[in-house]
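Student: Please read through the structure below; I'll follow up with questions.
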Amino acid sequence: MIGCIWEEFSGPLKWYINKRVANKEDAEDLLQEVFLKIHNNLRYLEDEKKIHAWIYTITKNTIKDYYRKNSRMPELTELDENISEHNPLELTASREIAACLKGMIHNLPEKYKAVILLSEFEKLSQKEISKKLGISVSAVKSRVQRGRIMLKEMLLGCCQLEFDSLGHLIDYEHKEETCRFCKKIDV
């Protein structure tokens, strides 16, 4: 049975792991570790109809363990203008979430969009943003906070995010197939 599992799952699991682990050698090691766990625990699978979910749970947990052990949590990266042109195998969860955020930022009301872009991506201080936009520092502060809250609500409405104990993004899943902000990446 393990041979059949290897044939059916090795390709998709390799893609799944590569999508979440940037180092290709580590990703290969994790794939082998996943199949070792499958082999060692297959006898505990109670319902063969749930094998897909069981295998992906093992894979997801193996990836989480990898990040915990190595203290190398993926960070949200700066938004890349050409992010949709990257090879899906090279995209990490962080890059995919960044792509979602890009769409979300562009859908914010203009007054919030402007301060978020200036503070988060141009790294301007609130005082510099105040001068640039001709508004008070307290207005900048308020707009940044409200803009972040709006982005958080949009992101949590679209995706289920999973973080480690330090607040680093470990994994995510789209809640809906048709999120208007996120570009669906097919296998």
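Simple scheme: letters A, B, ... for chains in structure tokens order, numbers from 1 for residues in each chain, numbers from 1 for ligands in the order shown.
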Near segment 4-13 of chain A, within 8 Å and counting only C-alpha atoms, which residues show up once chain neighbours fewer than 6 positions away are dropped, as a ChimeraX atom specification?

Tutor: /A:31,35,56,59,187

Student: Between atom CA of Ile38 of chain A and atom CA of His52 of chain A, what is the spacing in Å?

Tutor: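 Calculated distance between atom CA of His52 of chain A and atom CA of Ile38 of chain A is 11.3 Å.
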
Student: Please provide as a PDB file with all heavy atoms, in the first residue's frame all residues within 12 Å of Asp29 of chain A, with the sequence filter that same-chain residues fewer than 3 positions apart are discarded (counting only C-alpha atoms).

Tutor:
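Output (part_24.pdb):
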```
ATOM      1  N   LYS A  14       5.437  16.972  -2.697  1.00  0.00           N
ATOM      2  CA  LYS A  14       6.672  17.692  -2.996  1.00  0.00           C
ATOM      3  C   LYS A  14       6.341  19.146  -3.340  1.00  0.00           C
ATOM      4  O   LYS A  14       6.985  20.072  -2.864  1.00  0.00           O
ATOM      5  CB  LYS A  14       7.417  17.018  -4.143  1.00  0.00           C
ATOM      6  CG  LYS A  14       8.744  17.660  -4.453  1.00  0.00           C
ATOM      7  CD  LYS A  14       9.497  16.900  -5.509  1.00  0.00           C
ATOM      8  CE  LYS A  14      10.850  17.536  -5.742  1.00  0.00           C
ATOM      9  NZ  LYS A  14      11.649  16.788  -6.701  1.00  0.00           N
ATOM     10  N   ILE A  17       5.190  20.981  -0.116  1.00  0.00           N
ATOM     11  CA  ILE A  17       6.320  21.296   0.777  1.00  0.00           C
ATOM     12  C   ILE A  17       7.195  22.383   0.163  1.00  0.00           C
ATOM     13  O   ILE A  17       7.588  23.334   0.851  1.00  0.00           O
ATOM     14  CB  ILE A  17       7.138  20.020   1.092  1.00  0.00           C
ATOM     15  CG1 ILE A  17       6.293  19.047   1.914  1.00  0.00           C
ATOM     16  CG2 ILE A  17       8.431  20.375   1.833  1.00  0.00           C
ATOM     17  CD1 ILE A  17       6.881  17.655   2.042  1.00  0.00           C
ATOM     18  N   ASN A  18       7.497  22.273  -1.135  1.00  0.00           N
ATOM     19  CA  ASN A  18       8.323  23.292  -1.797  1.00  0.00           C
ATOM     20  C   ASN A  18       7.679  24.668  -1.746  1.00  0.00           C
ATOM     21  O   ASN A  18       8.374  25.683  -1.739  1.00  0.00           O
ATOM     22  CB  ASN A  18       8.600  22.908  -3.248  1.00  0.00           C
ATOM     23  CG  ASN A  18       9.718  21.918  -3.382  1.00  0.00           C
ATOM     24  OD1 ASN A  18      10.672  21.941  -2.636  1.00  0.00           O
ATOM     25  ND2 ASN A  18       9.591  21.012  -4.335  1.00  0.00           N
ATOM     26  N   VAL A  21       8.584  25.725   1.986  1.00  0.00           N
ATOM     27  CA  VAL A  21       9.968  25.668   2.467  1.00  0.00           C
ATOM     28  C   VAL A  21      10.883  26.103   1.324  1.00  0.00           C
ATOM     29  O   VAL A  21      10.922  25.458   0.283  1.00  0.00           O
ATOM     30  CB  VAL A  21      10.323  24.234   2.938  1.00  0.00           C
ATOM     31  CG1 VAL A  21      11.769  24.147   3.367  1.00  0.00           C
ATOM     32  CG2 VAL A  21       9.393  23.796   4.059  1.00  0.00           C
ATOM     33  N   ASN A  23      14.254  26.298   1.119  1.00  0.00           N
ATOM     34  CA  ASN A  23      15.463  25.506   0.897  1.00  0.00           C
ATOM     35  C   ASN A  23      15.084  24.153   0.297  1.00  0.00           C
ATOM     36  O   ASN A  23      14.406  23.341   0.932  1.00  0.00           O
ATOM     37  CB  ASN A  23      16.208  25.322   2.225  1.00  0.00           C
ATOM     38  CG  ASN A  23      17.500  24.568   2.058  1.00  0.00           C
ATOM     39  OD1 ASN A  23      17.514  23.440   1.595  1.00  0.00           O
ATOM     40  ND2 ASN A  23      18.591  25.203   2.455  1.00  0.00           N
ATOM     41  N   LYS A  24      15.514  23.905  -0.937  1.00  0.00           N
ATOM     42  CA  LYS A  24      15.121  22.695  -1.671  1.00  0.00           C
ATOM     43  C   LYS A  24      15.628  21.411  -1.021  1.00  0.00           C
ATOM     44  O   LYS A  24      14.941  20.393  -1.030  1.00  0.00           O
ATOM     45  CB  LYS A  24      15.586  22.764  -3.132  1.00  0.00           C
ATOM     46  CG  LYS A  24      15.002  23.924  -3.909  1.00  0.00           C
ATOM     47  CD  LYS A  24      13.494  23.869  -3.903  1.00  0.00           C
ATOM     48  CE  LYS A  24      12.919  25.096  -4.567  1.00  0.00           C
ATOM     49  NZ  LYS A  24      11.557  25.374  -4.169  1.00  0.00           N
ATOM     50  N   GLU A  25      16.834  21.455  -0.438  1.00  0.00           N
ATOM     51  CA  GLU A  25      17.359  20.260   0.235  1.00  0.00           C
ATOM     52  C   GLU A  25      16.531  19.931   1.473  1.00  0.00           C
ATOM     53  O   GLU A  25      16.217  18.767   1.731  1.00  0.00           O
ATOM     54  CB  GLU A  25      18.840  20.432   0.614  1.00  0.00           C
ATOM     55  CG  GLU A  25      19.794  20.475  -0.563  1.00  0.00           C
ATOM     56  CD  GLU A  25      19.871  21.851  -1.221  1.00  0.00           C
ATOM     57  OE1 GLU A  25      19.511  22.866  -0.585  1.00  0.00           O
ATOM     58  OE2 GLU A  25      20.275  21.899  -2.389  1.00  0.00           O
ATOM     59  N   ASP A  26      16.175  20.967   2.226  1.00  0.00           N
ATOM     60  CA  ASP A  26      15.329  20.757   3.401  1.00  0.00           C
ATOM     61  C   ASP A  26      13.957  20.225   2.980  1.00  0.00           C
ATOM     62  O   ASP A  26      13.388  19.355   3.643  1.00  0.00           O
ATOM     63  CB  ASP A  26      15.161  22.050   4.195  1.00  0.00           C
ATOM     64  CG  ASP A  26      16.424  22.448   4.949  1.00  0.00           C
ATOM     65  OD1 ASP A  26      17.347  21.612   5.057  1.00  0.00           O
ATOM     66  OD2 ASP A  26      16.473  23.592   5.436  1.00  0.00           O
ATOM     67  N   GLN A  32      10.816  13.097   2.614  1.00  0.00           N
ATOM     68  CA  GLN A  32      11.193  11.768   3.083  1.00  0.00           C
ATOM     69  C   GLN A  32      10.684  11.524   4.513  1.00  0.00           C
ATOM     70  O   GLN A  32      10.200  10.437   4.831  1.00  0.00           O
ATOM     71  CB  GLN A  32      12.715  11.586   3.018  1.00  0.00           C
ATOM     72  CG  GLN A  32      13.284  11.649   1.617  1.00  0.00           C
ATOM     73  CD  GLN A  32      12.636  10.631   0.685  1.00  0.00           C
ATOM     74  OE1 GLN A  32      12.416   9.492   1.047  1.00  0.00           O
ATOM     75  NE2 GLN A  32      12.322  11.062  -0.527  1.00  0.00           N
ATOM     76  N   GLU A  33      10.779  12.555   5.341  1.00  0.00           N
ATOM     77  CA  GLU A  33      10.302  12.431   6.722  1.00  0.00           C
ATOM     78  C   GLU A  33       8.786  12.188   6.757  1.00  0.00           C
ATOM     79  O   GLU A  33       8.298  11.387   7.551  1.00  0.00           O
ATOM     80  CB  GLU A  33      10.657  13.710   7.492  1.00  0.00           C
ATOM     81  CG  GLU A  33      10.344  13.653   8.956  1.00  0.00           C
ATOM     82  CD  GLU A  33      10.790  14.918   9.696  1.00  0.00           C
ATOM     83  OE1 GLU A  33      11.728  15.599   9.243  1.00  0.00           O
ATOM     84  OE2 GLU A  33      10.169  15.193  10.738  1.00  0.00           O
ATOM     85  N   VAL A  34       8.055  12.873   5.886  1.00  0.00           N
ATOM     86  CA  VAL A  34       6.612  12.683   5.805  1.00  0.00           C
ATOM     87  C   VAL A  34       6.282  11.237   5.443  1.00  0.00           C
ATOM     88  O   VAL A  34       5.444  10.593   6.081  1.00  0.00           O
ATOM     89  CB  VAL A  34       5.973  13.661   4.783  1.00  0.00           C
ATOM     90  CG1 VAL A  34       4.555  13.243   4.427  1.00  0.00           C
ATOM     91  CG2 VAL A  34       5.997  15.078   5.330  1.00  0.00           C
ATOM     92  N   PHE A  35       6.968  10.700   4.429  1.00  0.00           N
ATOM     93  CA  PHE A  35       6.681   9.320   4.025  1.00  0.00           C
ATOM     94  C   PHE A  35       7.108   8.317   5.093  1.00  0.00           C
ATOM     95  O   PHE A  35       6.463   7.272   5.243  1.00  0.00           O
ATOM     96  CB  PHE A  35       7.279   9.015   2.653  1.00  0.00           C
ATOM     97  CG  PHE A  35       6.362   9.445   1.556  1.00  0.00           C
ATOM     98  CD1 PHE A  35       6.556  10.648   0.907  1.00  0.00           C
ATOM     99  CD2 PHE A  35       5.269   8.664   1.196  1.00  0.00           C
ATOM    100  CE1 PHE A  35       5.691  11.062  -0.082  1.00  0.00           C
ATOM    101  CE2 PHE A  35       4.395   9.070   0.212  1.00  0.00           C
ATOM    102  CZ  PHE A  35       4.595  10.267  -0.436  1.00  0.00           C
ATOM    103  N   LEU A  36       8.130   8.629   5.845  1.00  0.00           N
ATOM    104  CA  LEU A  36       8.512   7.768   6.949  1.00  0.00           C
ATOM    105  C   LEU A  36       7.405   7.758   8.017  1.00  0.00           C
ATOM    106  O   LEU A  36       7.025   6.702   8.534  1.00  0.00           O
ATOM    107  CB  LEU A  36       9.841   8.231   7.550  1.00  0.00           C
ATOM    108  CG  LEU A  36      10.400   7.387   8.682  1.00  0.00           C
ATOM    109  CD1 LEU A  36      10.687   5.966   8.197  1.00  0.00           C
ATOM    110  CD2 LEU A  36      11.669   8.013   9.229  1.00  0.00           C
ATOM    111  N   THR A  59       1.862  16.136   6.808  1.00  0.00           N
ATOM    112  CA  THR A  59       2.772  17.027   6.082  1.00  0.00           C
ATOM    113  C   THR A  59       2.795  18.411   6.709  1.00  0.00           C
ATOM    114  O   THR A  59       3.872  18.983   6.944  1.00  0.00           O
ATOM    115  CB  THR A  59       2.360  17.111   4.603  1.00  0.00           C
ATOM    116  OG1 THR A  59       2.268  15.787   4.076  1.00  0.00           O
ATOM    117  CG2 THR A  59       3.349  17.933   3.801  1.00  0.00           C
ATOM    118  N   THR A  62       4.628  18.319   9.968  1.00  0.00           N
ATOM    119  CA  THR A  62       6.064  18.135   9.751  1.00  0.00           C
ATOM    120  C   THR A  62       6.714  19.468   9.376  1.00  0.00           C
ATOM    121  O   THR A  62       7.814  19.793   9.845  1.00  0.00           O
ATOM    122  CB  THR A  62       6.312  17.067   8.664  1.00  0.00           C
ATOM    123  OG1 THR A  62       5.697  15.846   9.068  1.00  0.00           O
ATOM    124  CG2 THR A  62       7.796  16.836   8.433  1.00  0.00           C
ATOM    125  N   ILE A  63       6.042  20.246   8.554  1.00  0.00           N
ATOM    126  CA  ILE A  63       6.558  21.566   8.168  1.00  0.00           C
ATOM    127  C   ILE A  63       6.602  22.494   9.389  1.00  0.00           C
ATOM    128  O   ILE A  63       7.587  23.206   9.601  1.00  0.00           O
ATOM    129  CB  ILE A  63       5.716  22.177   7.028  1.00  0.00           C
ATOM    130  CG1 ILE A  63       5.902  21.354   5.744  1.00  0.00           C
ATOM    131  CG2 ILE A  63       6.092  23.638   6.793  1.00  0.00           C
ATOM    132  CD1 ILE A  63       4.904  21.686   4.651  1.00  0.00           C
ATOM    133  N   TYR A  66       9.496  21.553  11.510  1.00  0.00           N
ATOM    134  CA  TYR A  66      10.731  22.005  10.867  1.00  0.00           C
ATOM    135  C   TYR A  66      11.020  23.467  11.237  1.00  0.00           C
ATOM    136  O   TYR A  66      12.138  23.815  11.622  1.00  0.00           O
ATOM    137  CB  TYR A  66      10.607  21.843   9.348  1.00  0.00           C
ATOM    138  CG  TYR A  66      11.586  22.641   8.534  1.00  0.00           C
ATOM    139  CD1 TYR A  66      12.906  22.217   8.366  1.00  0.00           C
ATOM    140  CD2 TYR A  66      11.189  23.824   7.907  1.00  0.00           C
ATOM    141  CE1 TYR A  66      13.800  22.951   7.608  1.00  0.00           C
ATOM    142  CE2 TYR A  66      12.077  24.553   7.148  1.00  0.00           C
ATOM    143  CZ  TYR A  66      13.376  24.119   7.001  1.00  0.00           C
ATOM    144  OH  TYR A  66      14.261  24.850   6.250  1.00  0.00           O
TER     145      TYR A  66
END
```

Student: So that I can check the secondary structure, give me every residue of segment 12-154 of chain A assigned alpha helix (DSSP H) by backbone DSSP, as JSON, numbers by chain.

Tutor: {"A": [12, 13, 14, 15, 16, 17, 18, 19, 20, 24, 25, 26, 27, 28, 29, 30, 31, 32, 33, 34, 35, 36, 37, 38, 39, 40, 41, 51, 52, 53, 54, 55, 56, 57, 58, 59, 60, 61, 62, 63, 64, 65, 66, 67, 68, 69, 70, 93, 94, 95, 96, 97, 98, 99, 100, 101, 102, 103, 104, 105, 106, 110, 111, 112, 113, 114, 115, 116, 126, 127, 128, 129, 130, 131, 132, 133, 137, 138, 139, 140, 141, 142, 143, 144, 145, 146, 147, 148, 149, 150, 151, 152, 153, 154]}

Student: Within 9 Å of Val140 of chain A, counting only C-alpha atoms, which residues show up once you throw out same-chain ones fewer than 2 positions away? Write them as a VMD selection string, please.

Tutor: chain A and resid 112 115 126 to 127 129 to 130 133 135 to 138 142 to 145

Student: Determine, counting only C-alpha atoms, which protein, DNA and RNA residues have an atom within 10 Å of an atom of Met154 of chain A; residues of the same chain fewer than 3 positions away are not included. Present the result as number ranges by chain.

Tutor: A: 100-101, 104-105, 107-108, 148-151, 157-159, 179, 181

Student: Go through A:Lys64, A:Leu124, A:Arg146, A:Ala53 and flag the residue nearest Pro109 of chain A, using only C-alpha atoms for the distances.

Tutor: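 Under the stated criterion, the closest residue is A:Arg146.
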
Student: Of the residues A:His174, A:Lys132, A:Ile55, A:Lys141, which is the one nearest to Glu162 of chain A, using only C-alpha atoms?

Tutor: A:His174

Student: Which of these, A:His106, A:Glu153, A:Lys60, A:Gly147, has the shortest distance to Arg20 of chain A once you count only C-alpha atoms?

Tutor: A:Lys60

Student: Would you return as JSON, numbers by chain the members of segment 100-181 of chain A that DSSP assigns to strand (DSSP E or B) on this structure's backbone?

Tutor: {"A": [159, 160, 161, 162, 163, 169, 170, 171, 172, 173, 174]}

Student: Output all heavy atoms of each residue in that selection to a file, as a compact mmCIF listing (two decimals), in the first residue's frame.

Tutor:
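Once written, result35.txt looks like this:
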```txt
# COMPACT_ATOMS: atom_id res chain seq x y z
N CYS A 159 -8.61 34.33 4.43
CA CYS A 159 -7.68 33.23 4.71
C CYS A 159 -7.69 32.84 6.18
O CYS A 159 -7.87 33.68 7.05
CB CYS A 159 -6.25 33.65 4.34
SG CYS A 159 -6.03 34.04 2.61
N GLN A 160 -7.47 31.56 6.41
CA GLN A 160 -7.23 31.04 7.76
C GLN A 160 -5.72 31.03 7.94
O GLN A 160 -5.02 30.33 7.22
CB GLN A 160 -7.80 29.63 7.88
CG GLN A 160 -7.53 28.97 9.20
CD GLN A 160 -8.27 29.64 10.35
OE1 GLN A 160 -9.41 30.01 10.21
NE2 GLN A 160 -7.60 29.78 11.48
N LEU A 161 -5.21 31.84 8.86
CA LEU A 161 -3.77 31.96 9.07
C LEU A 161 -3.36 31.19 10.30
O LEU A 161 -4.10 31.12 11.28
CB LEU A 161 -3.38 33.43 9.23
CG LEU A 161 -3.77 34.36 8.09
CD1 LEU A 161 -3.43 35.79 8.45
CD2 LEU A 161 -3.09 33.96 6.81
N GLU A 162 -2.17 30.63 10.25
CA GLU A 162 -1.64 29.90 11.40
C GLU A 162 -0.27 30.47 11.75
O GLU A 162 0.59 30.62 10.88
CB GLU A 162 -1.52 28.42 11.06
CG GLU A 162 -1.38 27.56 12.26
CD GLU A 162 -1.61 26.11 11.94
OE1 GLU A 162 -2.35 25.78 10.99
OE2 GLU A 162 -1.01 25.30 12.65
N PHE A 163 -0.09 30.81 13.02
CA PHE A 163 1.14 31.43 13.49
C PHE A 163 1.79 30.56 14.56
O PHE A 163 1.11 29.80 15.25
CB PHE A 163 0.85 32.81 14.08
CG PHE A 163 0.22 33.76 13.11
CD1 PHE A 163 -1.15 33.88 13.01
CD2 PHE A 163 1.01 34.52 12.28
CE1 PHE A 163 -1.73 34.75 12.10
CE2 PHE A 163 0.44 35.40 11.36
CZ PHE A 163 -0.92 35.52 11.27
N LEU A 169 4.20 33.73 10.73
CA LEU A 169 3.29 32.97 9.87
C LEU A 169 3.91 31.61 9.57
O LEU A 169 5.05 31.51 9.13
CB LEU A 169 3.06 33.74 8.56
CG LEU A 169 2.17 33.07 7.53
CD1 LEU A 169 0.74 32.95 8.05
CD2 LEU A 169 2.20 33.86 6.23
N ILE A 170 3.14 30.55 9.82
CA ILE A 170 3.60 29.19 9.52
C ILE A 170 2.87 28.64 8.31
O ILE A 170 3.46 28.06 7.42
CB ILE A 170 3.34 28.24 10.71
CG1 ILE A 170 4.09 28.68 11.94
CG2 ILE A 170 3.73 26.82 10.34
CD1 ILE A 170 3.74 27.87 13.17
N ASP A 171 1.54 28.85 8.26
CA ASP A 171 0.75 28.26 7.19
C ASP A 171 -0.53 29.06 7.03
O ASP A 171 -0.88 29.88 7.87
CB ASP A 171 0.43 26.80 7.53
CG ASP A 171 0.01 25.99 6.32
OD1 ASP A 171 0.14 26.50 5.17
OD2 ASP A 171 -0.45 24.86 6.51
N TYR A 172 -1.23 28.80 5.96
CA TYR A 172 -2.51 29.44 5.71
C TYR A 172 -3.33 28.56 4.79
O TYR A 172 -2.81 27.66 4.13
CB TYR A 172 -2.31 30.82 5.05
CG TYR A 172 -2.00 30.68 3.59
CD1 TYR A 172 -2.99 30.87 2.64
CD2 TYR A 172 -0.74 30.30 3.15
CE1 TYR A 172 -2.72 30.69 1.30
CE2 TYR A 172 -0.47 30.12 1.82
CZ TYR A 172 -1.45 30.32 0.90
OH TYR A 172 -1.20 30.13 -0.43
N GLU A 173 -4.62 28.83 4.76
CA GLU A 173 -5.52 28.19 3.81
C GLU A 173 -6.53 29.24 3.40
O GLU A 173 -7.00 30.02 4.22
CB GLU A 173 -6.26 27.01 4.45
CG GLU A 173 -5.42 25.78 4.63
CD GLU A 173 -6.24 24.61 5.16
OE1 GLU A 173 -7.42 24.48 4.78
OE2 GLU A 173 -5.67 23.85 5.95
N HIS A 174 -6.88 29.25 2.10
CA HIS A 174 -7.94 30.14 1.63
C HIS A 174 -9.26 29.62 2.15
O HIS A 174 -9.53 28.43 2.08
CB HIS A 174 -7.98 30.19 0.10
CG HIS A 174 -6.78 30.84 -0.50
ND1 HIS A 174 -6.56 32.19 -0.41
CD2 HIS A 174 -5.74 30.33 -1.19
CE1 HIS A 174 -5.42 32.48 -1.02
NE2 HIS A 174 -4.90 31.37 -1.50
```

Student: Using only C-alpha atoms for the distances, tell me which of A:Arg68, A:Lys102, A:Lys131, A:Arg180 is nearest to Ile116 of chain A.

Tutor: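 When distances to Ile116 of chain A are compared using only C-alpha atoms, the smallest one comes from A:Lys102.
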